[in-house]
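Student: Let me begin by handing over the structure; questions about it come next.
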Amino acid sequence: MSFFPKISFQYEVEEYLTKVFRNNELITALGTQEAENKYQSLLSHLSHPPGFTTVRVNTHLASVKHVKKLLFEEIQKQFKGLHVPVLEHPKLQDILLIPVIGPRRDLKKHASEVIVGAQCGYAVLRGAHVYVPGIVSTSRFVKAGDLVSVYSDIEGKCKRGAKEFDGVKVFLGNGISEFSRSEIFSSSGPLKGLGIRMIEPVYLSPSFDNVLPSHLFLQNLPSVVVSHILNPQPGEKILDMCAAPGGKTTHLATLMHDQGEVIAMDKIANKVKKIKQNAELLQLNCIKAFCYDGTRALSVEKREDKQEGPPFLPESFDRILLDAPCSGMGQRPNMAYSSTLKEVTSYQPLQRKLFTVAVKLLKPGGVLVYSTCTITLSENEEQVAWALKTFPCLQLHSQEPHIGGEGMQGAGLSLDQLKLLQRFDPSAVTLQGMDINSLQDSREDDLISLANKDCIGFFIAKFIKSNSK
């Protein structure tokens, strides 16, 4: 039940992906028609938001039960008494799931229009209000207090300040403008703050703007799974190689009961600042964040005894998380993917450089978890095949919890090896909307099962480094 058009790609990228999802191994296993159906289903899913909002509870500060009660009251307030449940996950006991209501097909469109940028639009589809920097254009006579219909400029072709736009736009719902057009596009510089308060979004998700900020962290379900699979223990030394904005970093610190050391690295200074802010907000003290390029994190010379940060000596870490920079094709919603084929294929060599450093920094007997939020073979299963061939010291290991599907065929891995991998594939479930009636009729177990599948596209592999040299 597709509400939005399928995600669109540049021609070369579309050709590339078509070959990936029609590879010989896959066609032999599934048949041509089934493989094609799965691929087309995936493209439809990617343009729609996941069916659930996932929040991770900061169990360092509060119990899940306590936060669940507070969150339920907040959602009741936001949804004006509409009964939407807050679910606990049986295998991920630090997250809460809120079903997303929508798409709502009966919303009336208004004459006054506001066009927002694609990224702002995707945030609105996941529960956000519209902030002024995200507004690209408005109708001529929009005033503060006006009821407006909000659209996303998914191709990025609307000129800032335009009074009308006839290009490709996607309806996101209705809201109330907090400012007039002249205030939004003031010559004295752009305003900040809330621009449109969404009152009738196409997808009804709670807004988390200033909602229990030290108790909750908005995180996609597979991103939470990753930290559980790494399974850090109190007192260990952990490396999060590409850590920004710090969701997984803070989760690792929480799982360790803030005892030990979590080293977080990112090569962009503003992102490192964000990691530090998140650690402070969640009151976690064992995190040390450094602005550093992970590909250079291995020291070839003796370090100063007092040196805390990178580069590090070989075999310095008990466990390493490499949530690698990737093409990001698993992110949802995304209706128009703008990267070129050159950009898409640039990630594999970078990931291999980072992986090579990670293997050298890991202690014998240590755990390395590799993850991406993309759907390609080259960044996922092919990387596993390469790693096993390149590093005889690595063994592929089973994952707990195993919530997603197994790995995808096409990289030459055995069926047993594929079963050890975890690929979250949104096309594993039928694209369906959720209205309040079907929600009330659903069993909790069925909703949890749906949440496990109707999430972003994601990939996880777990390795253990053998003790033998």
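Ligands are numbered from 1 in the order shown, residues from 1 within each chain, and chains are lettered A, B, ... in the order they appear in the structure tokens.
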Among the residues of region 289-341 of chain A, find those DSSP assigns to helix (DSSP H, G or I) from the backbone and print them as a VMD selection string.
Tutor: chain A and resid 294 to 296 341
Student: List the neighbours of Asn437 (chain A) out to 12 Å using only C-alpha atoms; skip same-chain residues closer than 2 positions along the sequence, and give me the result as a list in words.
Tutor: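 Everything that qualifies: Leu82, His83, Val84, Ile101, Gly102, Gly433, Met434, Asp435, Leu439, Gln440, Asp441 and Ser442 of chain A.
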Student: Would you write out those residues with C-alpha atoms, as a compact mmCIF listing (two decimals), in the first residue's frame?
Tutor:
```txt
# COMPACT_ATOMS: atom_id res chain seq x y z
CA LEU A 82 -5.78 9.20 21.35
CA HIS A 83 -4.78 5.86 22.85
CA VAL A 84 -1.45 4.87 21.28
CA ILE A 101 -0.35 6.12 12.76
CA GLY A 102 -0.61 6.69 9.02
CA GLY A 433 -0.49 1.64 7.01
CA MET A 434 -1.61 1.71 10.60
CA ASP A 435 -4.84 3.36 11.65
CA LEU A 439 -3.80 -0.72 16.14
CA GLN A 440 -6.41 -1.46 18.82
CA ASP A 441 -7.10 -4.86 17.23
CA SER A 442 -3.40 -5.87 17.08
```
Student: Tell me, as a list in words, which residues lie within 10 Å of Phe165 (chain A), counting only C-alpha atoms; anything in the same chain fewer than 5 positions away does not count.
Tutor: Glu113, Val114, Ile115, Ser137, Thr138, Ser139, Asp153, Lys157, Cys158 and Lys159 of chain A
Student: Go through A:Leu321, A:Glu178, A:Glu164, A:Gln219 and flag the residue nearest Leu239 (chain A), using only C-alpha atoms for the distances.
Tutor: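 Answer, going by the shortest atom-to-atom distance: A:Leu321.
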Student: Nearest to Ile184 (chain A): which of A:Val225, A:Val86, A:Val132, A:Ala162 is it, counting only C-alpha atoms?
Tutor: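 Comparing A:Val225, A:Val86, A:Val132, A:Ala162 against Ile184 (chain A), the winner is A:Val132.
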Student: Mind checking which residues fall within 12 Å of Leu388 (chain A), counting only C-alpha atoms, ignoring those fewer than 6 positions away in the same chain, and posting them as JSON, numbers by chain?
Tutor: {"A": [355, 356, 359, 381, 382, 394, 395, 396, 397, 412, 413, 417, 461, 462, 463, 464, 465]}
Student: Which one of A:Tyr151, A:Tyr337, A:Phe185, A:Tyr370 sits closest to Asp166 (chain A) if you count only C-alpha atoms?
Tutor: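 Of A:Tyr151, A:Tyr337, A:Phe185, A:Tyr370, the one nearest Asp166 (chain A), counting only C-alpha atoms, is A:Tyr151.
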Student: Here is a test: counting only C-alpha atoms, which residue of A:Ile27, A:Leu221, A:Leu17, A:Val272 is nearest to Pro50 (chain A)?
Tutor: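 Distance minimum relative to Pro50 (chain A) lands on A:Leu221.
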Student: Using CA of Leu418 (chain A) and CA of Thr32 (chain A) as the two end points, give the distance in Å to one decimal.
Tutor: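 Calculated distance between CA of Leu418 (chain A) and CA of Thr32 (chain A) is 20.5 Å.
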Student: Using only C-alpha atoms for the distances, tell me which of A:Val429, A:Gly366, A:Tyr203, A:Tyr131 is nearest to Leu191 (chain A).
Tutor: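 Closest residue, counting only C-alpha atoms: A:Tyr131.
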